[in-house]
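> For reference, the structure I am asking about is given below.
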Amino acid sequence: MSLIVCKFGGTSVGSTEKIKNVAKRILKYRDQGHQVVVVLSAMSGQTDKLLGMAADIQEIPDLREMDMLLSTGEQVTISLFSMAVKAAGSDAVSLLGDQVCIQTDAMHTRARIKKIDTELIKQHLSAGKVVTIAGFQGVTQDGDITTLGRGGSDTTAVALAAALKADSCEIFTDVEGVYTTDPNICTKARKINMITYDEMLELASLGAKVLEIRSVGLAKRYRVPLHVRSTFTENEGTWVVEEDKIMESMLVSGITYNKNEARITINKVPDQPGIASKIFLPISDAGILVDMIIQNTREGHMTDMTFTVMRNDYARTMELLKKVAADIGAESVTGDESIVKISIVGVGMRNHSGIASTMFQIMSNEGINLMMISTSEIKVSCIIEEKYTELAVRALHSAFALDKDNVPKKEE
Ligand code: ADP
Ligand code: ASP
Ligand code: MG
């Protein structure tokens with residue numbers, strides 16, 4: 001008998017009708033002799049609605065209370081789902097993160113899972129029940145409710161699969177798997193049948209929200225086979241696996257975009273040792289993550305420092321930097337929130353030259369200006385104006401032949 005952890009996202013459980021359909025699907029697994037642990041998200045739109053209500057009441061919300069609030073969305077779906085299983089004649093039990101004891105640190109709204117107690121889950125499974133667990137939430141050692149950050153139900157599912165040593169973790173969503181780019185903005189996007197953990201980590205970190213990045217990291221560390229597939233069809237989806245399981249790697253396996261960043265420049269900074277740390281230390285002390293950084297030298301021992309931060313940290317970072325700029329004698333701080341980071345990703349890019357220059361050529365052909373560039377072994381990212389997002393994604397998708405079945409493979 002195999003044990004499968006199945007996670008359903010917000011759109012998959014967006015109405016009572018959809019919840020009943022998910023219950024039917026899970027009962028089919030049961031009929032095939034599998035034990036099933038189900039992890040559910042809140043109904044689509046619910047977490048945003050709760051965030052909106054909090055914003056109406058407190059400008060900078062109390063994070064402990066925010067977690068108390070946000071965790072309610074998942075309580076609704078797991079209880080309704082268990083009722084649906086019971087209504088269909090089988091036994092089920094729904095459990096919140098603190099009932100299972102999904103223990104996390106105390107970083108409210110972005111907590112990390114420290115350990116999971118599997119005892120209660122195993123008892124219910126042995127009693128023949130479908131065990132349904134609230135995604136996205138945990139509990140601190142002191143008993144406070146926490147949440148894991150947006151999209152965190154994926155992480156709950158993979159962490160449970162690892163702790164229970166499940167045979168696989170199925171992530172059910174509103175698309176048929178992981179695509180060469182977001183199928184909702186490029187109709188020519190194609191489903192990828194198999195992808196490595198490393199490529200998926202890059203895609204997720206660069207904006208492909210189909211899997212939350214921490215869930216991919218956990219799946220890689222604990223070797224959990226991940227299957228991303230559609231809630232609404234029976235089709236095989238995408239398997240996320242180790243590299244040696246894939247015979248041939250694509251040169252470029254996907255294109256991503258991330259509209260969640262903002263660009264900041266400190267103009268005319270005196271070019272002296274220690275300047276970078278004077279700029280970035282206060283930012284990191286404030287818990288703000290910096291992504292790309294460029295330093296340009298000007299004449300007269302002056303330099304410009306440009307970098308990107310998450311868009312929701314933009315206002316806070318600008319505020320901080322105005323003080324820093326005055327301290328270090330910089331001329332001004334300027335910023336831009338209407339940017340997007342476009343990236344190409346593929347393990348086949350290792351040992352293959354010319355990929356970045358092809359990308360730059362395509363963008364130039366489309367008349368798109370590159371504001372910042374960064375590269376790693378398996379990705380190239382460019383910052384461009386946000387209004388060019390769709391144009392850039394579609395042009396790169398065609399240029400790297402991702403539109404076609406017969407895409408170029410890595411030369412061994
Ligand atoms: P869920 O609510 O099921 O967790 P999400 O909205 O978090 O679903 O993730 C699924 C969405 O991810 C898709 O609807 C799609 O728009 C988006 N997406 C972005 N990039 C990709 C990609 N490369 N492949 C598939 N989906 C993608
Ligand atoms: N409900 C949470 C969110 O919308 C968690 C999730 O859906 O994975 O981010
Ligand atoms: Mg999601």
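Lettering and numbering for the structure tokens are positional, with chains as A, B, ... in the shown order, residues counted from 1 in each chain, and ligands counted from 1 in the shown order.
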Please provide as a ChimeraX atom specification all residues within 9 Å of stretch 148-160 of chain A, with the sequence filter that same-chain residues fewer than 3 positions apart are discarded (counting only C-alpha atoms).
/A:5-9,37-41,47,102,104,107-113,115-116,118,133-138,163-166,169-171,209-216,218-219,222,224,226
> Pick out each residue of stretch 205-361 of chain A that DSSP on the backbone tags as strand (DSSP E); I need them as an MDAnalysis selection string.
chainID A and resid 226:230 238:241 254:258 261:270 290:298 302:310 332:336 339:345
> May I have the residues within 7 Å of ligand 1, computed using only C-alpha atoms and all ligand atoms, as a list in words?
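The distance check yields Phe8, Gly9, Gly10, Thr11, Ser12, Ser44, Gly151, Phe172, Thr173, Asp174, Val175, Gly177, Val178, Tyr179, Thr180, Thr181, Asp182, Pro183, Asn184, Gly207, Ala208, Lys209, Val210, Leu211, Gly254 and Thr256 of chain A.
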> Would you mind exporting N, CA and C atoms of the selected residues as a PDB file, in the first residue's frame?

```
ATOM      1  N   PHE A   8      -4.123  20.522  -2.808  1.00  0.00           N
ATOM      2  CA  PHE A   8      -4.989  21.235  -3.751  1.00  0.00           C
ATOM      3  C   PHE A   8      -4.940  22.733  -3.453  1.00  0.00           C
ATOM      4  N   GLY A   9      -4.680  23.532  -4.483  1.00  0.00           N
ATOM      5  CA  GLY A   9      -4.571  24.989  -4.328  1.00  0.00           C
ATOM      6  C   GLY A   9      -5.933  25.673  -4.292  1.00  0.00           C
ATOM      7  N   GLY A  10      -5.908  26.986  -4.119  1.00  0.00           N
ATOM      8  CA  GLY A  10      -7.119  27.773  -3.906  1.00  0.00           C
ATOM      9  C   GLY A  10      -8.198  27.636  -4.968  1.00  0.00           C
ATOM     10  N   THR A  11      -7.807  27.655  -6.249  1.00  0.00           N
ATOM     11  CA  THR A  11      -8.838  27.556  -7.294  1.00  0.00           C
ATOM     12  C   THR A  11      -9.454  26.152  -7.317  1.00  0.00           C
ATOM     13  N   SER A  12      -8.667  25.153  -6.901  1.00  0.00           N
ATOM     14  CA  SER A  12      -9.160  23.764  -6.905  1.00  0.00           C
ATOM     15  C   SER A  12     -10.239  23.533  -5.851  1.00  0.00           C
ATOM     16  N   SER A  44      -9.819  30.263  -3.294  1.00  0.00           N
ATOM     17  CA  SER A  44      -9.101  31.315  -4.019  1.00  0.00           C
ATOM     18  C   SER A  44      -9.655  32.694  -3.658  1.00  0.00           C
ATOM     19  N   GLY A 151       1.620  31.185  -0.717  1.00  0.00           N
ATOM     20  CA  GLY A 151       1.857  29.946  -1.460  1.00  0.00           C
ATOM     21  C   GLY A 151       2.373  28.816  -0.573  1.00  0.00           C
ATOM     22  N   PHE A 172      -1.845  19.459  -6.918  1.00  0.00           N
ATOM     23  CA  PHE A 172      -2.940  19.691  -7.876  1.00  0.00           C
ATOM     24  C   PHE A 172      -3.196  21.192  -7.986  1.00  0.00           C
ATOM     25  N   THR A 173      -3.276  21.684  -9.236  1.00  0.00           N
ATOM     26  CA  THR A 173      -3.460  23.129  -9.406  1.00  0.00           C
ATOM     27  C   THR A 173      -4.353  23.418 -10.607  1.00  0.00           C
ATOM     28  N   ASP A 174      -4.368  24.698 -11.061  1.00  0.00           N
ATOM     29  CA  ASP A 174      -5.302  25.071 -12.132  1.00  0.00           C
ATOM     30  C   ASP A 174      -4.676  24.998 -13.518  1.00  0.00           C
ATOM     31  N   VAL A 175      -3.436  24.524 -13.620  1.00  0.00           N
ATOM     32  CA  VAL A 175      -2.814  24.275 -14.936  1.00  0.00           C
ATOM     33  C   VAL A 175      -2.306  22.827 -14.937  1.00  0.00           C
ATOM     34  N   GLY A 177       0.508  21.420 -15.260  1.00  0.00           N
ATOM     35  CA  GLY A 177       1.861  21.088 -14.801  1.00  0.00           C
ATOM     36  C   GLY A 177       2.730  22.317 -14.856  1.00  0.00           C
ATOM     37  N   VAL A 178       4.044  22.082 -14.906  1.00  0.00           N
ATOM     38  CA  VAL A 178       4.991  23.185 -15.050  1.00  0.00           C
ATOM     39  C   VAL A 178       5.195  23.392 -16.548  1.00  0.00           C
ATOM     40  N   TYR A 179       5.048  24.613 -16.998  1.00  0.00           N
ATOM     41  CA  TYR A 179       5.146  24.932 -18.424  1.00  0.00           C
ATOM     42  C   TYR A 179       6.454  25.664 -18.726  1.00  0.00           C
ATOM     43  N   THR A 180       6.746  25.749 -20.027  1.00  0.00           N
ATOM     44  CA  THR A 180       7.958  26.454 -20.456  1.00  0.00           C
ATOM     45  C   THR A 180       7.901  27.939 -20.096  1.00  0.00           C
ATOM     46  N   THR A 181       6.719  28.460 -19.935  1.00  0.00           N
ATOM     47  CA  THR A 181       6.521  29.784 -19.332  1.00  0.00           C
ATOM     48  C   THR A 181       5.076  29.841 -18.827  1.00  0.00           C
ATOM     49  N   ASP A 182       4.684  30.930 -18.188  1.00  0.00           N
ATOM     50  CA  ASP A 182       3.333  31.003 -17.633  1.00  0.00           C
ATOM     51  C   ASP A 182       2.287  30.835 -18.753  1.00  0.00           C
ATOM     52  N   PRO A 183       1.517  29.734 -18.762  1.00  0.00           N
ATOM     53  CA  PRO A 183       0.540  29.520 -19.834  1.00  0.00           C
ATOM     54  C   PRO A 183      -0.541  30.592 -19.861  1.00  0.00           C
ATOM     55  N   ASN A 184      -0.679  31.327 -18.759  1.00  0.00           N
ATOM     56  CA  ASN A 184      -1.699  32.372 -18.748  1.00  0.00           C
ATOM     57  C   ASN A 184      -1.250  33.652 -19.440  1.00  0.00           C
ATOM     58  N   GLY A 207      10.122  33.562 -10.351  1.00  0.00           N
ATOM     59  CA  GLY A 207       8.760  34.055 -10.567  1.00  0.00           C
ATOM     60  C   GLY A 207       7.707  33.039 -10.972  1.00  0.00           C
ATOM     61  N   ALA A 208       8.103  31.786 -11.304  1.00  0.00           N
ATOM     62  CA  ALA A 208       7.082  30.799 -11.712  1.00  0.00           C
ATOM     63  C   ALA A 208       6.351  30.318 -10.460  1.00  0.00           C
ATOM     64  N   LYS A 209       5.206  30.924 -10.163  1.00  0.00           N
ATOM     65  CA  LYS A 209       4.595  30.673  -8.845  1.00  0.00           C
ATOM     66  C   LYS A 209       3.861  29.337  -8.753  1.00  0.00           C
ATOM     67  N   VAL A 210       3.945  28.527  -9.814  1.00  0.00           N
ATOM     68  CA  VAL A 210       3.249  27.243  -9.808  1.00  0.00           C
ATOM     69  C   VAL A 210       3.712  26.358  -8.641  1.00  0.00           C
ATOM     70  N   LEU A 211       4.961  26.510  -8.208  1.00  0.00           N
ATOM     71  CA  LEU A 211       5.425  25.859  -6.975  1.00  0.00           C
ATOM     72  C   LEU A 211       6.124  26.914  -6.121  1.00  0.00           C
ATOM     73  N   GLY A 254      12.930  27.048 -19.522  1.00  0.00           N
ATOM     74  CA  GLY A 254      11.786  27.907 -19.218  1.00  0.00           C
ATOM     75  C   GLY A 254      12.121  29.384 -19.192  1.00  0.00           C
ATOM     76  N   THR A 256      10.826  32.949 -17.230  1.00  0.00           N
ATOM     77  CA  THR A 256       9.987  33.434 -16.121  1.00  0.00           C
ATOM     78  C   THR A 256       9.969  34.958 -16.105  1.00  0.00           C
TER      79      THR A 256
END
```
> Per DSSP on the backbone, filter stretch 132-379 of chain A down to the residues in helix (DSSP H, G or I) and report them as a VMD selection string.
chain A and resid 153 to 163 197 to 205 213 to 221 243 to 245 275 to 285 311 to 328 347 to 349 355 to 365
> Using only C-alpha atoms, which of A:Thr375, A:Asn258, A:Asn351, A:Thr187 sits nearest A:Ser205?
A:Asn258
> Grab the atom CA of A:Thr196 to atom CA of A:Arg229 distance for me, in Å with one decimal place.
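Separation of atom CA of A:Thr196 and atom CA of A:Arg229: 16.0 Å.
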> Tell me, as a CSV table (one decimal) with N, CA, C and O atoms, in the first residue's frame, which residues lie within 9 Å of A:Pro270, counting only C-alpha atoms; anything in the same chain fewer than 3 positions away does not count.

```csv
chain,number,residue,atom,x,y,z
A,275,ILE,N,32.0,51.8,1.3
A,275,ILE,CA,30.8,52.4,0.9
A,275,ILE,C,29.6,51.4,0.8
A,275,ILE,O,28.5,51.5,1.3
A,300,GLY,N,35.7,61.4,-11.5
A,300,GLY,CA,35.9,62.2,-10.3
A,300,GLY,C,35.6,61.3,-9.0
A,300,GLY,O,35.0,61.9,-8.1
A,301,HIS,N,36.0,60.1,-9.0
A,301,HIS,CA,35.9,59.2,-7.8
A,301,HIS,C,34.5,59.1,-7.3
A,301,HIS,O,34.2,59.2,-6.1
A,302,MET,N,33.6,59.1,-8.2
A,302,MET,CA,32.2,58.9,-7.9
A,302,MET,C,31.6,57.6,-8.5
A,302,MET,O,32.1,57.2,-9.5
A,303,THR,N,30.6,57.1,-7.8
A,303,THR,CA,30.0,55.9,-8.3
A,303,THR,C,28.5,55.9,-8.2
A,303,THR,O,28.0,56.6,-7.3
A,304,ASP,N,27.8,55.1,-9.0
A,304,ASP,CA,26.3,55.0,-8.8
A,304,ASP,C,26.1,53.5,-8.3
A,304,ASP,O,26.7,52.6,-8.9
A,328,ILE,N,26.5,59.5,3.9
A,328,ILE,CA,27.7,59.1,3.1
A,328,ILE,C,28.0,60.2,2.0
A,328,ILE,O,29.0,60.0,1.3
A,329,GLY,N,27.2,61.2,2.0
A,329,GLY,CA,27.5,62.3,1.0
A,329,GLY,C,27.1,62.0,-0.4
A,329,GLY,O,27.8,62.5,-1.4
A,330,ALA,N,26.1,61.1,-0.6
A,330,ALA,CA,25.7,60.8,-2.0
A,330,ALA,C,24.7,61.9,-2.4
A,330,ALA,O,24.1,62.6,-1.6
```
> Report the distance between atom CA of A:Asp336 and atom CA of A:Arg311 in Å, rounded to one decimal place.
9.7 Å
> May I have the residues within 7 Å of A:Glu390 as a ChimeraX atom specification, using only C-alpha atoms and disregarding those fewer than 3 positions away in the same chain?
/A:185,393-394
> Kindly export the residues of the current selection with C-alpha atoms, as an mmCIF file, in the first residue's frame.

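Result file follows (part_22.cif):
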```cif
data_model
loop_
_atom_site.group_PDB
_atom_site.id
_atom_site.type_symbol
_atom_site.label_atom_id
_atom_site.label_comp_id
_atom_site.auth_asym_id
_atom_site.auth_seq_id
_atom_site.Cartn_x
_atom_site.Cartn_y
_atom_site.Cartn_z
ATOM 1 C CA ILE A 185 0.423 34.962 -20.576
ATOM 2 C CA VAL A 393 8.316 36.520 -22.666
ATOM 3 C CA ARG A 394 6.729 35.644 -26.019
#
```
> Which neighbours of A:Asn260 fall inside 10 Å, counting only C-alpha atoms, when residues of the same chain fewer than 2 positions from it are skipped, and could you give them as a JSON list (two decimals) with all heavy atoms, in the first residue's frame?

```json
[["chain", "number", "residue", "atom", "x", "y", "z"],
["A", 206, "LEU", "N", 12.57, 32.67, -9.62],
["A", 206, "LEU", "CA", 12.54, 33.78, -10.58],
["A", 206, "LEU", "C", 11.12, 34.16, -10.99],
["A", 206, "LEU", "O", 10.94, 34.95, -11.90],
["A", 206, "LEU", "CB", 13.39, 33.42, -11.81],
["A", 206, "LEU", "CG", 14.89, 33.26, -11.49],
["A", 206, "LEU", "CD1", 15.63, 32.62, -12.65],
["A", 206, "LEU", "CD2", 15.51, 34.60, -11.15],
["A", 207, "GLY", "N", 10.12, 33.56, -10.35],
["A", 207, "GLY", "CA", 8.76, 34.06, -10.57],
["A", 207, "GLY", "C", 7.71, 33.04, -10.97],
["A", 207, "GLY", "O", 6.53, 33.38, -11.01],
["A", 257, "TYR", "N", 8.97, 35.49, -15.38],
["A", 257, "TYR", "CA", 8.96, 36.93, -15.14],
["A", 257, "TYR", "C", 8.58, 37.15, -13.69],
["A", 257, "TYR", "O", 7.86, 36.35, -13.10],
["A", 257, "TYR", "CB", 7.95, 37.65, -16.07],
["A", 257, "TYR", "CG", 6.52, 37.22, -15.86],
["A", 257, "TYR", "CD1", 5.69, 37.93, -14.99],
["A", 257, "TYR", "CD2", 6.01, 36.10, -16.50],
["A", 257, "TYR", "CE1", 4.38, 37.52, -14.77],
["A", 257, "TYR", "CE2", 4.71, 35.69, -16.28],
["A", 257, "TYR", "CZ", 3.90, 36.40, -15.43],
["A", 257, "TYR", "OH", 2.61, 35.98, -15.20],
["A", 258, "ASN", "N", 9.11, 38.21, -13.10],
["A", 258, "ASN", "CA", 8.79, 38.53, -11.72],
["A", 258, "ASN", "C", 8.51, 40.03, -11.62],
["A", 258, "ASN", "O", 9.42, 40.84, -11.80],
["A", 258, "ASN", "CB", 9.96, 38.12, -10.81],
["A", 258, "ASN", "CG", 9.64, 38.32, -9.35],
["A", 258, "ASN", "OD1", 8.60, 38.92, -9.01],
["A", 258, "ASN", "ND2", 10.50, 37.86, -8.47],
["A", 262, "ALA", "N", 11.48, 46.07, -7.28],
["A", 262, "ALA", "CA", 11.60, 47.49, -7.57],
["A", 262, "ALA", "C", 13.09, 47.83, -7.62],
["A", 262, "ALA", "O", 13.90, 47.14, -7.01],
["A", 262, "ALA", "CB", 10.91, 48.30, -6.48],
["A", 308, "THR", "N", 18.04, 45.92, -6.64],
["A", 308, "THR", "CA", 16.59, 45.68, -6.58],
["A", 308, "THR", "C", 16.20, 45.08, -5.23],
["A", 308, "THR", "O", 16.99, 44.37, -4.60],
["A", 308, "THR", "CB", 16.12, 44.72, -7.69],
["A", 308, "THR", "OG1", 16.79, 43.46, -7.53],
["A", 308, "THR", "CG2", 16.39, 45.25, -9.08],
["A", 309, "VAL", "N", 14.96, 45.40, -4.81],
["A", 309, "VAL", "CA", 14.37, 44.81, -3.59],
["A", 309, "VAL", "C", 12.95, 44.36, -3.95],
["A", 309, "VAL", "O", 12.44, 44.72, -5.02],
["A", 309, "VAL", "CB", 14.29, 45.85, -2.43],
["A", 309, "VAL", "CG1", 15.67, 46.22, -1.94],
["A", 309, "VAL", "CG2", 13.49, 47.08, -2.82],
["A", 310, "MET", "N", 12.32, 43.60, -3.08],
["A", 310, "MET", "CA", 10.92, 43.23, -3.29],
["A", 310, "MET", "C", 10.07, 44.51, -3.30],
["A", 310, "MET", "O", 10.34, 45.44, -2.54],
["A", 310, "MET", "CB", 10.41, 42.32, -2.16],
["A", 310, "MET", "CG", 11.02, 40.94, -2.13],
["A", 310, "MET", "SD", 10.60, 40.01, -3.60],
["A", 310, "MET", "CE", 12.18, 39.92, -4.40],
["A", 311, "ARG", "N", 9.02, 44.52, -4.12],
["A", 311, "ARG", "CA", 8.24, 45.75, -4.26],
["A", 311, "ARG", "C", 7.59, 46.18, -2.94],
["A", 311, "ARG", "O", 7.49, 47.36, -2.66],
["A", 311, "ARG", "CB", 7.18, 45.57, -5.34],
["A", 311, "ARG", "CG", 7.10, 46.76, -6.24],
["A", 311, "ARG", "CD", 6.14, 46.56, -7.37],
["A", 311, "ARG", "NE", 6.80, 46.17, -8.59],
["A", 311, "ARG", "CZ", 6.18, 46.07, -9.76],
["A", 311, "ARG", "NH1", 4.89, 46.30, -9.83],
["A", 311, "ARG", "NH2", 6.83, 45.70, -10.83],
["A", 312, "ASN", "N", 7.20, 45.20, -2.12],
["A", 312, "ASN", "CA", 6.55, 45.62, -0.86],
["A", 312, "ASN", "C", 7.56, 46.14, 0.17],
["A", 312, "ASN", "O", 7.16, 46.62, 1.22],
["A", 312, "ASN", "CB", 5.63, 44.54, -0.29],
["A", 312, "ASN", "CG", 6.34, 43.24, -0.05],
["A", 312, "ASN", "OD1", 7.54, 43.15, -0.26],
["A", 312, "ASN", "ND2", 5.60, 42.23, 0.38],
["A", 313, "ASP", "N", 8.87, 46.05, -0.15],
["A", 313, "ASP", "CA", 9.88, 46.66, 0.73],
["A", 313, "ASP", "C", 10.37, 48.00, 0.17],
["A", 313, "ASP", "O", 11.26, 48.63, 0.74],
["A", 313, "ASP", "CB", 11.10, 45.73, 0.87],
["A", 313, "ASP", "CG", 10.81, 44.52, 1.75],
["A", 313, "ASP", "OD1", 10.01, 44.67, 2.68],
["A", 313, "ASP", "OD2", 11.39, 43.46, 1.51],
["A", 337, "GLU", "N", 9.33, 51.60, -9.62],
["A", 337, "GLU", "CA", 8.57, 50.39, -9.26],
["A", 337, "GLU", "C", 7.99, 49.68, -10.47],
["A", 337, "GLU", "O", 7.43, 48.60, -10.34],
["A", 337, "GLU", "CB", 7.42, 50.77, -8.33],
["A", 337, "GLU", "CG", 7.86, 51.09, -6.93],
["A", 337, "GLU", "CD", 6.66, 51.31, -6.03],
["A", 337, "GLU", "OE1", 6.19, 52.46, -5.98],
["A", 337, "GLU", "OE2", 6.19, 50.35, -5.41],
["A", 338, "SER", "N", 8.10, 50.30, -11.66],
["A", 338, "SER", "CA", 7.46, 49.66, -12.82],
["A", 338, "SER", "C", 8.46, 48.88, -13.67],
["A", 338, "SER", "O", 8.61, 49.13, -14.85],
["A", 338, "SER", "CB", 6.74, 50.72, -13.66],
["A", 338, "SER", "OG", 7.68, 51.72, -13.99],
["A", 339, "ILE", "N", 9.13, 47.96, -12.98],
["A", 339, "ILE", "CA", 10.11, 47.12, -13.68],
["A", 339, "ILE", "C", 9.69, 45.65, -13.57],
["A", 339, "ILE", "O", 8.84, 45.31, -12.74],
["A", 339, "ILE", "CB", 11.52, 47.25, -13.08],
["A", 339, "ILE", "CG1", 11.49, 46.93, -11.57],
["A", 339, "ILE", "CG2", 12.10, 48.62, -13.35],
["A", 339, "ILE", "CD1", 12.79, 46.43, -11.03],
["A", 340, "VAL", "N", 10.28, 44.80, -14.38],
["A", 340, "VAL", "CA", 10.03, 43.37, -14.27],
["A", 340, "VAL", "C", 11.36, 42.65, -14.51],
["A", 340, "VAL", "O", 12.21, 43.16, -15.25],
["A", 340, "VAL", "CB", 8.95, 42.92, -15.29],
["A", 340, "VAL", "CG1", 9.41, 43.13, -16.72],
["A", 340, "VAL", "CG2", 8.56, 41.45, -15.11],
["A", 341, "LYS", "N", 11.52, 41.52, -13.84],
["A", 341, "LYS", "CA", 12.73, 40.72, -14.09],
["A", 341, "LYS", "C", 12.35, 39.55, -14.99],
["A", 341, "LYS", "O", 11.49, 38.75, -14.64],
["A", 341, "LYS", "CB", 13.30, 40.21, -12.77],
["A", 341, "LYS", "CG", 14.58, 39.40, -12.98],
["A", 341, "LYS", "CD", 15.35, 39.18, -11.70],
["A", 341, "LYS", "CE", 14.65, 38.21, -10.78],
["A", 341, "LYS", "NZ", 15.40, 37.96, -9.55]]
```
> Considering only C-alpha atoms, return as a PyMOL selection string whatever protein or nucleic-acid residues lie within 7 Å of stretch 124-127 of chain A, sequence-local ones (same chain, fewer than 4 positions apart) excluded.
chain A and resi 35+120+131
> Any chance you could export the current selection's C-alpha atoms as a PDB file, in the first residue's frame?

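So the final result, stored in selection00.pdb, reads:
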```
ATOM      1  CA  GLN A  35      -3.462   5.860   1.925  1.00  0.00           C
ATOM      2  CA  LEU A 120      -1.538  11.531  15.194  1.00  0.00           C
ATOM      3  CA  VAL A 131      -6.516  12.800   6.837  1.00  0.00           C
TER       4      VAL A 131
END
```
> Which neighbours of stretch 22-32 of chain A fall inside 10 Å, counting only C-alpha atoms, when residues of the same chain fewer than 6 positions from it are skipped, and could you give them as an mmCIF file with N, CA and C atoms, in the first residue's frame?

```cif
data_model
loop_
_atom_site.group_PDB
_atom_site.id
_atom_site.type_symbol
_atom_site.label_atom_id
_atom_site.label_comp_id
_atom_site.auth_asym_id
_atom_site.auth_seq_id
_atom_site.Cartn_x
_atom_site.Cartn_y
_atom_site.Cartn_z
ATOM 1 N N MET A 1 0.856 -1.206 0.000
ATOM 2 C CA MET A 1 0.000 0.000 0.000
ATOM 3 C C MET A 1 0.883 1.245 0.000
ATOM 4 N N SER A 2 0.608 2.186 -0.924
ATOM 5 C CA SER A 2 1.458 3.375 -0.939
ATOM 6 C C SER A 2 0.764 4.542 -0.235
ATOM 7 N N ILE A 4 0.277 8.608 -0.319
ATOM 8 C CA ILE A 4 0.413 9.781 -1.191
ATOM 9 C C ILE A 4 -0.065 11.018 -0.443
ATOM 10 N N CYS A 6 -1.493 14.629 -1.172
ATOM 11 C CA CYS A 6 -2.095 15.388 -2.288
ATOM 12 C C CYS A 6 -2.416 16.800 -1.812
ATOM 13 N N PHE A 8 -4.123 20.522 -2.808
ATOM 14 C CA PHE A 8 -4.989 21.235 -3.751
ATOM 15 C C PHE A 8 -4.940 22.733 -3.453
ATOM 16 N N SER A 12 -8.667 25.153 -6.901
ATOM 17 C CA SER A 12 -9.160 23.764 -6.905
ATOM 18 C C SER A 12 -10.239 23.533 -5.851
ATOM 19 N N VAL A 13 -10.247 24.383 -4.810
ATOM 20 C CA VAL A 13 -11.253 24.244 -3.741
ATOM 21 C C VAL A 13 -12.048 25.553 -3.600
ATOM 22 N N THR A 16 -18.013 25.034 -3.024
ATOM 23 C CA THR A 16 -18.392 23.755 -2.409
ATOM 24 C C THR A 16 -18.483 22.671 -3.479
ATOM 25 N N VAL A 38 -4.364 14.665 2.662
ATOM 26 C CA VAL A 38 -4.742 15.775 1.780
ATOM 27 C C VAL A 38 -4.372 17.102 2.454
ATOM 28 N N LEU A 80 -14.866 21.610 5.388
ATOM 29 C CA LEU A 80 -15.862 21.308 4.335
ATOM 30 C C LEU A 80 -15.455 20.047 3.562
ATOM 31 N N PHE A 81 -14.157 19.922 3.310
ATOM 32 C CA PHE A 81 -13.685 18.762 2.559
ATOM 33 C C PHE A 81 -13.952 17.460 3.346
ATOM 34 N N SER A 82 -13.653 17.476 4.636
ATOM 35 C CA SER A 82 -13.900 16.269 5.440
ATOM 36 C C SER A 82 -15.386 15.916 5.447
ATOM 37 N N MET A 83 -16.235 16.957 5.497
ATOM 38 C CA MET A 83 -17.689 16.709 5.426
ATOM 39 C C MET A 83 -18.033 16.050 4.094
ATOM 40 N N ALA A 84 -17.387 16.526 3.009
ATOM 41 C CA ALA A 84 -17.681 15.974 1.676
ATOM 42 C C ALA A 84 -17.284 14.498 1.603
ATOM 43 N N VAL A 85 -16.156 14.147 2.221
ATOM 44 C CA VAL A 85 -15.723 12.738 2.212
ATOM 45 C C VAL A 85 -16.728 11.896 3.003
ATOM 46 N N LYS A 86 -17.152 12.425 4.152
ATOM 47 C CA LYS A 86 -18.116 11.690 4.975
ATOM 48 C C LYS A 86 -19.454 11.553 4.256
ATOM 49 N N ALA A 87 -19.842 12.632 3.583
ATOM 50 C CA ALA A 87 -21.124 12.587 2.855
ATOM 51 C C ALA A 87 -21.075 11.528 1.760
ATOM 52 N N ALA A 88 -19.856 11.257 1.265
ATOM 53 C CA ALA A 88 -19.718 10.238 0.210
ATOM 54 C C ALA A 88 -19.558 8.841 0.805
ATOM 55 N N GLY A 89 -19.667 8.732 2.126
ATOM 56 C CA GLY A 89 -19.708 7.412 2.757
ATOM 57 C C GLY A 89 -18.378 6.898 3.289
ATOM 58 N N SER A 90 -17.327 7.740 3.273
ATOM 59 C CA SER A 90 -16.040 7.299 3.828
ATOM 60 C C SER A 90 -15.727 8.081 5.095
ATOM 61 N N GLY A 128 -8.072 4.051 8.934
ATOM 62 C CA GLY A 128 -8.740 4.048 7.625
ATOM 63 C C GLY A 128 -9.323 5.394 7.210
ATOM 64 N N LYS A 129 -8.862 6.483 7.840
ATOM 65 C CA LYS A 129 -9.458 7.795 7.511
ATOM 66 C C LYS A 129 -8.651 8.541 6.451
ATOM 67 N N VAL A 130 -9.350 9.379 5.699
ATOM 68 C CA VAL A 130 -8.652 10.352 4.842
ATOM 69 C C VAL A 130 -8.267 11.499 5.778
ATOM 70 N N PHE A 172 -1.845 19.459 -6.918
ATOM 71 C CA PHE A 172 -2.940 19.691 -7.876
ATOM 72 C C PHE A 172 -3.196 21.192 -7.986
ATOM 73 N N THR A 231 -6.102 19.722 -11.355
ATOM 74 C CA THR A 231 -7.238 19.239 -10.566
ATOM 75 C C THR A 231 -8.396 18.867 -11.490
ATOM 76 N N PHE A 232 -8.409 19.491 -12.667
ATOM 77 C CA PHE A 232 -9.605 19.393 -13.498
ATOM 78 C C PHE A 232 -9.506 18.379 -14.628
ATOM 79 N N GLU A 234 -7.457 14.374 -15.875
ATOM 80 C CA GLU A 234 -6.755 13.190 -15.348
ATOM 81 C C GLU A 234 -5.342 13.108 -15.939
#
```
> Rank A:Gly97, A:Gly348, A:Gly14, A:Gly73 by their smallest atom-to-atom distance to ligand 2, using only C-alpha atoms and all ligand atoms, and report the top residue only.
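For ligand 2, the nearest of the given residues is A:Gly73.
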